[in-house]
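Engineer: Dropping a structure here in structure tokens format, bear with me for questions.
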Amino acid sequence: MHIILSHTNLDYDGLASMIAAKKLYPQAEIVFPSKISPEVEHFLAIYKDTFPYKRPKEITWEHVSRIILVDTNVFSRIGEMKKHIQKDIKFIVYDHHPITPQTVPYIDGIISPIGATATLMIEQLKEKEIKISPFEATVFALGIYSDTGSFTYKQTTSRDLSAAAWCIENGANLTVVGQYRDIPLKSDAQNLFQQLQENNEIHTIDGVDIVIATYEQEGYTGHLSVISRKLLELSGADAVFSIVRMGEKVFITARASSERANVLSIIQQLGGGGHSKAASAMRKNNMKEIVEFVTDKLPEMVTPSITAAFIMSSPVRVVAPDTTIEIASKMLYRYGHTGFPVIENDKLVGIISRRDVDKALHHGLGHAPVKGYMSRHPIYIGPDESLDDIQERMIKEQIGRLPVIENDKLIGIVSRTDVISAMHGTYHRQGNFTRASVPLKRQLSDQMKKQLSGIAFELLYSIGKEADTLGMRAYLIGGMVRDLLMNRKNEDMDIVIEGDGILLAEHLLEKHGGQIRSHEEFRTATWKHPSGFKIDLTSARTEYYDFPAALPKVELSTIKEDLYRRDFTINAMGICLHQEEFGDLIDYFYGYEDLTHQRIKVLYNLSFVEDPTRILRGLRFENRFNFQMDEQTEALAKESANNLLSVSKQRISSELWRLLFEENPVLGMNRLESLGLMPFLLKKRVDSETAQKRYTRLHHSILSLTKQGIYPDRSIWISYLLSYIPIEEPDWSEVESYCLSKQEIKLLGDIHQIIHEKPLSKISPSQSLGDIHEQYSDIELGALLTYSSFCVSSDFDVIEYLHARERLVRKVNGGDLKKVGLKPGPHFRHLLLEAEKIQLNYPEYTKEDILAKIL
């Protein structure tokens, strides 16, 4: 027997989920808990005959083999029914509450943190194309609207809105939803509401107002959840706890409206459950003890206030009063800022905004200093200013950035973006490029010790320790951090130092030995450890403008600014190596989130404009990791494609060969095409369909050889580019301009030779492998593969010939010719080729047989 259960004090979401579960599991019986919320009782008074259900006493529990559990995932919330549950019963769970150590072991189902469990059930109904009636659609909508607060609660997701829309499409009656969601209070409930209004205390914790309302009565009164919600609305507090003794039991219901108040943290300690904004529990303790317990625990439920010091950006880029409007404009464009503080003699004297700069430029005043157009009485705040006060100040003064001043010095700046990011939680992004003021942290030292070799781990630890002795901070950054999080082998150490990289390298050399190579201009060094490891030590740096000059300079900076120079968020993470935080992941730009969601994202809008080769690098990471550029990054890549025209062929080539040789070349070529990059790589091209057929055939030919252990050299990547060229024409200069090595140039030369001197189409089926080898022995393997993939349709099997040629173990060599008395000379090459031809035709011949034939 299969049954459908939910939590005690059944609410609308639980009811809707049970009815939906019956649609998904028609053989299962709905079993209502012994206690149902007054709202649901009110609803069932009219509609209980519209669907089948049973009470616990009607179930033969020993026959129950499977339970579909909805809107809860723990035993403690199913009330008295838990005493009937047998140990061998299997659970299927659908719930939107978080998984806890008390979560029942389940064999199937979904637990997902969204607004309502009814949403999960609707998604299953849609997937299985199960039809529902208008009444069922109404009940499902009632569940969603109730548990999301009509889509106003923080846990609401787009999935909840989509599910509600589906309900409406299927005939949900929103008038009924509104009628039953907020039912009128009966006289006993109205009396309790009045008593709680008169018997309450307000507690203020770090600016958060919390009402604790108490009352004692002998009889039971329902609707405590509705009463608590009304108390919250009427009092204007941030949270309310209604604690009511009814007979021998004490009911605790909590509601919150502030993002800083998490009532669930206290309710869970009382054995209850719910959400951060709505939770309840029931105890048999002394009421005074419970009130004291809740009061004592209030500080634990309040998130510390967010202040300017927490959300500000620092260090701050500034301009001097004499900086020209033109230079300020370039800086605004370069850094994506909307304004700069103006500093004179270390004092804040004004603010210059993008609007001010644009107006001045419009009137041809680019040469003028910013002091003539800046706001001269800047509004600023202190580091302890609260987020609420910052919001009020921005709204009142109609300004988008507030400098943060401490001891008369500018220590940071708070922008609208910082405020929005703080308001909407750790993972909110304004657009796609918000960066956190405080990095997200994870501790990775155990993972480092497990994944890295012993010497690599000890080296990192030692570098951090020695940096500490010099008053510096060291961070492991880049691909090694990314690959560590992906459990990929990589010990290519790239270390950034908050301090002087060369000074640390010299210290490490003195301490441990080895060799160093320094670059004074950028204060970087490569230290070769005696074990053979090469470690790049880079001084954290950023670019700035040395006023009033417009050319960028380089200065030592912080890890945050250094990481901001990286290409993608997944490569902009660091790991602390200093002792007190060794192994902490530093993630200002949500790289770990993007890594887990397999996303490629740039850090700022102008990333591809500043370095267009990052587009090609992004495709390589997509290919290597099976990731995908997010929508905005891909749009920026397409918009910036024309900037590839300004990049040297050498730089583009160094990216293309990695994309088309180290990774899957077909995927790489397809993405070059889909992003519209090919017109900016090659001007004269065949149509895309022809090119795709060519490079796909080439890839298949290469795979057929690699399966036999035969691999083309790196130069083969140039053939994929050649697939877009009308190769019968003599002018291949565009492709030649991408060749960086002699092998690549020879590959093109060999293909050209095949086309004009040795066409494969002229090979007769009767020709032996030896005869074919005489013509093509000096032709590169890649050239034969390329030409046969692009041009030829004949009976000649290139793969068969190449397999025989590349696997040929030569029985006769130059030494054998010397032994029979021949003197070395040009004729040796001819004789050895003849020996190879004979061996290809007659593999059974011995060395002596071959020598007899060629001499």
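If you're wondering about the labels, chains in the structure tokens are A, B, ... by order shown, residues count from 1 in each chain, ligands from 1 in order shown.
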If we count only C-alpha atoms, what is near range 344-352 of chain A at a cut-off of 8 Å, once residues fewer than 4 positions away on the same chain are taken out, given as a list in words?
Structural biologist: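 Once the nearby chain positions are removed, what remains is Ala320, Pro321, Gly339, Phe340, Asp356, Val357, Val370, Lys371, Tyr373, Met374, Ser375, Arg376, His377, Pro378, Asp408, Lys409 and Leu410 of chain A.
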Engineer: Within 12 Å of Val139 in chain A, counting only C-alpha atoms, which residues qualify if same-chain residues fewer than 5 places away don't, as an MDAnalysis selection string?
Structural biologist: chainID A and resid 11:20 40 43:44 47:48 50:51 118:119 122 132:134 144:146 164 167:168 170:178 180:181
Engineer: From the DSSP assignment of the backbone, select every residue of range 462-572 of chain A that is helix (DSSP H, G or I), and format the answer as number ranges by chain.
Structural biologist: A: 462-469, 479-485, 501-512, 520-522, 559-564, 569-571
Engineer: Can you spit out the residues from that selection as an mmCIF file, in the first residue's frame, using N, CA and C atoms?
Structural biologist:
data_model
loop_
_atom_site.group_PDB
_atom_site.id
_atom_site.type_symbol
_atom_site.label_atom_id
_atom_site.label_comp_id
_atom_site.auth_asym_id
_atom_site.auth_seq_id
_atom_site.Cartn_x
_atom_site.Cartn_y
_atom_site.Cartn_z
ATOM 1 N N SER A 462 55.560 27.008 2.369
ATOM 2 C CA SER A 462 56.805 27.715 2.661
ATOM 3 C C SER A 462 56.793 29.125 2.090
ATOM 4 N N ILE A 463 56.273 29.283 0.872
ATOM 5 C CA ILE A 463 56.211 30.618 0.264
ATOM 6 C C ILE A 463 55.348 31.549 1.110
ATOM 7 N N GLY A 464 54.202 31.047 1.574
ATOM 8 C CA GLY A 464 53.334 31.858 2.424
ATOM 9 C C GLY A 464 54.010 32.244 3.722
ATOM 10 N N LYS A 465 54.732 31.291 4.291
ATOM 11 C CA LYS A 465 55.420 31.526 5.566
ATOM 12 C C LYS A 465 56.527 32.574 5.402
ATOM 13 N N GLU A 466 57.333 32.448 4.329
ATOM 14 C CA GLU A 466 58.422 33.395 4.120
ATOM 15 C C GLU A 466 57.887 34.782 3.772
ATOM 16 N N ALA A 467 56.754 34.837 3.049
ATOM 17 C CA ALA A 467 56.146 36.136 2.756
ATOM 18 C C ALA A 467 55.727 36.817 4.058
ATOM 19 N N ASP A 468 55.204 36.025 4.987
ATOM 20 C CA ASP A 468 54.813 36.573 6.290
ATOM 21 C C ASP A 468 55.991 37.233 6.999
ATOM 22 N N THR A 469 57.150 36.601 6.927
ATOM 23 C CA THR A 469 58.324 37.143 7.633
ATOM 24 C C THR A 469 58.749 38.491 7.067
ATOM 25 N N GLY A 479 44.944 29.414 -13.065
ATOM 26 C CA GLY A 479 44.470 28.100 -13.500
ATOM 27 C C GLY A 479 44.648 27.014 -12.472
ATOM 28 N N MET A 480 45.677 27.107 -11.639
ATOM 29 C CA MET A 480 45.897 26.073 -10.641
ATOM 30 C C MET A 480 44.781 26.074 -9.603
ATOM 31 N N VAL A 481 44.290 27.271 -9.241
ATOM 32 C CA VAL A 481 43.169 27.371 -8.298
ATOM 33 C C VAL A 481 41.914 26.783 -8.930
ATOM 34 N N ARG A 482 41.642 27.189 -10.160
ATOM 35 C CA ARG A 482 40.467 26.673 -10.879
ATOM 36 C C ARG A 482 40.508 25.157 -10.976
ATOM 37 N N ASP A 483 41.654 24.614 -11.379
ATOM 38 C CA ASP A 483 41.758 23.166 -11.578
ATOM 39 C C ASP A 483 41.719 22.411 -10.254
ATOM 40 N N LEU A 484 42.216 23.030 -9.189
ATOM 41 C CA LEU A 484 42.111 22.404 -7.872
ATOM 42 C C LEU A 484 40.651 22.220 -7.487
ATOM 43 N N LEU A 485 39.825 23.245 -7.749
ATOM 44 C CA LEU A 485 38.399 23.171 -7.434
ATOM 45 C C LEU A 485 37.670 22.179 -8.337
ATOM 46 N N GLY A 501 57.397 41.290 -5.417
ATOM 47 C CA GLY A 501 57.651 39.916 -5.842
ATOM 48 C C GLY A 501 59.125 39.601 -5.966
ATOM 49 N N ILE A 502 59.918 40.557 -6.456
ATOM 50 C CA ILE A 502 61.360 40.314 -6.621
ATOM 51 C C ILE A 502 62.036 40.178 -5.268
ATOM 52 N N LEU A 503 61.645 41.023 -4.323
ATOM 53 C CA LEU A 503 62.228 40.957 -2.984
ATOM 54 C C LEU A 503 61.950 39.599 -2.339
ATOM 55 N N LEU A 504 60.729 39.092 -2.501
ATOM 56 C CA LEU A 504 60.397 37.786 -1.944
ATOM 57 C C LEU A 504 61.177 36.682 -2.655
ATOM 58 N N ALA A 505 61.318 36.794 -3.984
ATOM 59 C CA ALA A 505 62.064 35.782 -4.738
ATOM 60 C C ALA A 505 63.512 35.718 -4.261
ATOM 61 N N GLU A 506 64.122 36.885 -4.044
ATOM 62 C CA GLU A 506 65.506 36.913 -3.558
ATOM 63 C C GLU A 506 65.610 36.301 -2.166
ATOM 64 N N HIS A 507 64.606 36.541 -1.348
ATOM 65 C CA HIS A 507 64.582 35.953 -0.010
ATOM 66 C C HIS A 507 64.459 34.423 -0.079
ATOM 67 N N LEU A 508 63.596 33.937 -0.972
ATOM 68 C CA LEU A 508 63.419 32.485 -1.137
ATOM 69 C C LEU A 508 64.686 31.839 -1.687
ATOM 70 N N LEU A 509 65.360 32.544 -2.585
ATOM 71 C CA LEU A 509 66.617 32.037 -3.142
ATOM 72 C C LEU A 509 67.664 31.871 -2.041
ATOM 73 N N GLU A 510 67.757 32.874 -1.193
ATOM 74 C CA GLU A 510 68.716 32.822 -0.082
ATOM 75 C C GLU A 510 68.361 31.716 0.911
ATOM 76 N N LYS A 511 67.066 31.504 1.106
ATOM 77 C CA LYS A 511 66.598 30.542 2.105
ATOM 78 C C LYS A 511 66.672 29.102 1.593
ATOM 79 N N HIS A 512 66.304 28.885 0.334
ATOM 80 C CA HIS A 512 66.144 27.521 -0.181
ATOM 81 C C HIS A 512 67.052 27.177 -1.357
ATOM 82 N N GLU A 520 62.377 43.788 -13.743
ATOM 83 C CA GLU A 520 62.286 44.966 -12.898
ATOM 84 C C GLU A 520 61.056 45.825 -13.200
ATOM 85 N N GLU A 521 60.705 45.927 -14.493
ATOM 86 C CA GLU A 521 59.633 46.848 -14.875
ATOM 87 C C GLU A 521 58.328 46.519 -14.180
ATOM 88 N N PHE A 522 58.020 45.217 -14.055
ATOM 89 C CA PHE A 522 56.750 44.813 -13.453
ATOM 90 C C PHE A 522 56.936 44.205 -12.070
ATOM 91 N N ILE A 559 45.428 42.268 -3.882
ATOM 92 C CA ILE A 559 45.008 41.043 -4.558
ATOM 93 C C ILE A 559 43.693 41.261 -5.292
ATOM 94 N N LYS A 560 42.797 42.064 -4.721
ATOM 95 C CA LYS A 560 41.499 42.292 -5.358
ATOM 96 C C LYS A 560 41.673 42.980 -6.706
ATOM 97 N N GLU A 561 42.498 44.035 -6.744
ATOM 98 C CA GLU A 561 42.722 44.747 -7.989
ATOM 99 C C GLU A 561 43.467 43.866 -8.988
ATOM 100 N N ASP A 562 44.405 43.055 -8.489
ATOM 101 C CA ASP A 562 45.147 42.185 -9.395
ATOM 102 C C ASP A 562 44.229 41.146 -10.036
ATOM 103 N N LEU A 563 43.342 40.557 -9.242
ATOM 104 C CA LEU A 563 42.426 39.558 -9.785
ATOM 105 C C LEU A 563 41.455 40.182 -10.780
ATOM 106 N N TYR A 564 41.166 41.459 -10.588
ATOM 107 C CA TYR A 564 40.232 42.138 -11.485
ATOM 108 C C TYR A 564 40.800 42.277 -12.896
ATOM 109 N N THR A 569 35.878 35.055 -14.693
ATOM 110 C CA THR A 569 35.668 34.892 -13.250
ATOM 111 C C THR A 569 36.244 33.584 -12.736
ATOM 112 N N ILE A 570 36.193 32.516 -13.546
ATOM 113 C CA ILE A 570 36.699 31.225 -13.074
ATOM 114 C C ILE A 570 38.214 31.232 -12.925
ATOM 115 N N ASN A 571 38.882 32.229 -13.525
ATOM 116 C CA ASN A 571 40.331 32.368 -13.395
ATOM 117 C C ASN A 571 40.715 33.508 -12.459
#
Engineer: Take CA of Ile92 in chain A and CA of Ser162 in chain A and report the distance between them in Å, one decimal.
Structural biologist: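 Separation of CA of Ile92 in chain A and CA of Ser162 in chain A: 24.1 Å.
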Engineer: Would you mind listing what lies within 6 Å of range 781-792 of chain A as JSON, numbers by chain, with only C-alpha atoms counted and same-chain residues fewer than 3 positions away left out?
Structural biologist: {"A": [694, 697, 698, 712, 716, 747, 750, 751]}
Engineer: Using C-alpha atoms, can you export the residues from the last selection as a compact mmCIF listing (two decimals), in the first residue's frame?
Structural biologist:
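This went into part.txt:
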# COMPACT_ATOMS: atom_id res chain seq x y z
CA ARG A 694 36.08 19.95 -44.83
CA ARG A 697 36.16 15.15 -42.55
CA LEU A 698 39.69 16.14 -41.53
CA PRO A 712 49.88 14.45 -36.50
CA ILE A 716 47.86 20.34 -38.20
CA LEU A 747 52.56 21.86 -44.08
CA ASP A 750 53.32 20.24 -48.96
CA ILE A 751 49.59 20.74 -49.53
Engineer: Where in range 249-278 of chain A does DSSP assign strand (DSSP E or B), given as a list in words?
Structural biologist: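 So the strand (DSSP E or B) residues in range 249-278 of chain A would be Lys249, Val250, Phe251, Ile252, Thr253, Ala254, Arg255, Ala256, Ala261, Gly273, Gly274 and Ala278 of chain A.
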Engineer: Using only C-alpha atoms, what table do you get, as a Markdown table, when you list each residue of range 137-227 of chain A with an atom no more than 9 Å from range 300-315 of chain A, its nearest pair of atoms, and their distance in Å rounded to one decimal, rows by chain then rising number?
Structural biologist:
| residue | atom | partner | partner_atom | distance |
| --- | --- | --- | --- | --- |
| A:Ile205 | CA | A:Val302 | CA | 7.1 |
| A:Asp206 | CA | A:Ser305 | CA | 6.6 |
| A:Gly207 | CA | A:Ser305 | CA | 7.6 |
| A:Val208 | CA | A:Val302 | CA | 7.3 |
Engineer: Find the spatial neighbours of Arg229 in chain A, counting only C-alpha atoms, within a cut-off of 10 Å - ignore same-chain residues fewer than 5 positions away - and output them as a ChimeraX atom specification.
Structural biologist: /A:223-224,234,239-242,253-257,278
Engineer: Residues near His362 in chain A, anyone? I mean within 12 Å using only C-alpha atoms, not counting same-chain ones fewer than 6 positions away, as a list in words.
Structural biologist: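 Everything that qualifies: Ile325, Glu326, Ser329, Arg355 and Asp356 of chain A.
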Engineer: Would you compute the distance between CA of Ala360 in chain A and CA of Ile390 in chain A? Give it in Å to one decimal.
Structural biologist: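 These two atoms are separated by 29.4 Å.
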Engineer: Excluding Val64 in chain A and residues on its chain fewer than 2 positions from it, collect all residues at most 9 Å away from it, counting only C-alpha atoms, and give them as a PDB file with N, CA and C atoms, in the first residue's frame.
Structural biologist:
ATOM      1  N   MET A   1       0.845  -1.197   0.000  1.00  0.00           N
ATOM      2  CA  MET A   1       0.000   0.000   0.000  1.00  0.00           C
ATOM      3  C   MET A   1       0.884   1.252   0.000  1.00  0.00           C
ATOM      4  N   HIS A   2       0.545   2.226  -0.804  1.00  0.00           N
ATOM      5  CA  HIS A   2       1.278   3.481  -0.865  1.00  0.00           C
ATOM      6  C   HIS A   2       0.389   4.600  -0.326  1.00  0.00           C
ATOM      7  N   ILE A   3       0.983   5.504   0.477  1.00  0.00           N
ATOM      8  CA  ILE A   3       0.209   6.612   1.029  1.00  0.00           C
ATOM      9  C   ILE A   3       0.955   7.931   0.807  1.00  0.00           C
ATOM     10  N   ILE A  59      -6.193   3.858   8.131  1.00  0.00           N
ATOM     11  CA  ILE A  59      -5.111   3.184   7.411  1.00  0.00           C
ATOM     12  C   ILE A  59      -4.649   1.934   8.170  1.00  0.00           C
ATOM     13  N   THR A  60      -4.480   0.840   7.455  1.00  0.00           N
ATOM     14  CA  THR A  60      -3.872  -0.368   8.013  1.00  0.00           C
ATOM     15  C   THR A  60      -2.363  -0.209   7.834  1.00  0.00           C
ATOM     16  N   TRP A  61      -1.690   0.268   8.842  1.00  0.00           N
ATOM     17  CA  TRP A  61      -0.314   0.720   8.702  1.00  0.00           C
ATOM     18  C   TRP A  61       0.672  -0.408   8.384  1.00  0.00           C
ATOM     19  N   GLU A  62       0.368  -1.620   8.843  1.00  0.00           N
ATOM     20  CA  GLU A  62       1.303  -2.709   8.550  1.00  0.00           C
ATOM     21  C   GLU A  62       1.340  -3.068   7.067  1.00  0.00           C
ATOM     22  N   ARG A  66       5.238   2.076   1.077  1.00  0.00           N
ATOM     23  CA  ARG A  66       5.889   3.250   0.511  1.00  0.00           C
ATOM     24  C   ARG A  66       5.114   4.507   0.900  1.00  0.00           C
ATOM     25  N   ILE A  67       5.852   5.578   1.223  1.00  0.00           N
ATOM     26  CA  ILE A  67       5.246   6.858   1.612  1.00  0.00           C
ATOM     27  C   ILE A  67       5.761   7.953   0.691  1.00  0.00           C
ATOM     28  N   ILE A  85       5.209   4.336  11.490  1.00  0.00           N
ATOM     29  CA  ILE A  85       6.135   4.118  10.372  1.00  0.00           C
ATOM     30  C   ILE A  85       7.047   2.936  10.667  1.00  0.00           C
ATOM     31  N   GLN A  86       7.061   1.956   9.764  1.00  0.00           N
ATOM     32  CA  GLN A  86       7.928   0.786   9.889  1.00  0.00           C
ATOM     33  C   GLN A  86       9.319   1.114   9.342  1.00  0.00           C
ATOM     34  N   ILE A  89      10.001   0.828   5.398  1.00  0.00           N
ATOM     35  CA  ILE A  89       9.185   1.610   4.465  1.00  0.00           C
ATOM     36  C   ILE A  89      10.094   2.510   3.616  1.00  0.00           C
TER      37      ILE A  89
END
Engineer: Tell me, in Å to one decimal, how far CA of Thr613 in chain A is from CA of Asp594 in chain A.
Structural biologist: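 According to the coordinates, CA of Thr613 in chain A and CA of Asp594 in chain A are separated by 20.9 Å.
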Engineer: Taking 2 positions as the minimum chain separation for residues in the same chain, which residues sit within 10 Å of Gln155 in chain A when counting only C-alpha atoms? Answer as a list in words.
Structural biologist: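 Contacts, with the query itself left out: His96, Pro113, Ile114, Gly115, Ala116, Asp147, Thr148, Gly149, Phe151, Thr152, Tyr153, Thr157, Asp160, His275, Ser276 and Lys277 of chain A.
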Engineer: For those residues, write C-alpha atoms to a file as a PDB file, in the first residue's frame.
Structural biologist:
ATOM      1  CA  HIS A  96      11.265  22.901  -0.640  1.00  0.00           C
ATOM      2  CA  PRO A 113      15.037  25.448  -2.294  1.00  0.00           C
ATOM      3  CA  ILE A 114      12.179  27.301  -4.000  1.00  0.00           C
ATOM      4  CA  GLY A 115       9.091  29.189  -2.840  1.00  0.00           C
ATOM      5  CA  ALA A 116       6.544  26.369  -2.638  1.00  0.00           C
ATOM      6  CA  ASP A 147       3.820  29.967   0.674  1.00  0.00           C
ATOM      7  CA  THR A 148       5.381  32.771  -1.386  1.00  0.00           C
ATOM      8  CA  GLY A 149       3.360  35.577   0.186  1.00  0.00           C
ATOM      9  CA  PHE A 151       5.482  36.204  -4.628  1.00  0.00           C
ATOM     10  CA  THR A 152       6.945  38.668  -2.123  1.00  0.00           C
ATOM     11  CA  TYR A 153       8.960  36.303   0.107  1.00  0.00           C
ATOM     12  CA  THR A 157      11.882  31.961  -7.558  1.00  0.00           C
ATOM     13  CA  ASP A 160       7.144  29.627  -8.711  1.00  0.00           C
ATOM     14  CA  HIS A 275      11.197  29.195   6.587  1.00  0.00           C
ATOM     15  CA  SER A 276      13.475  32.044   7.567  1.00  0.00           C
ATOM     16  CA  LYS A 277      10.459  34.391   7.405  1.00  0.00           C
TER      17      LYS A 277
END
Engineer: From the options A:Glu689, A:Asp849, A:Glu728, A:Asp71, which residue's atoms come nearest to Glu673 in chain A, counting only C-alpha atoms?
Structural biologist: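 For Glu673 in chain A, the nearest of the given residues is A:Glu689.
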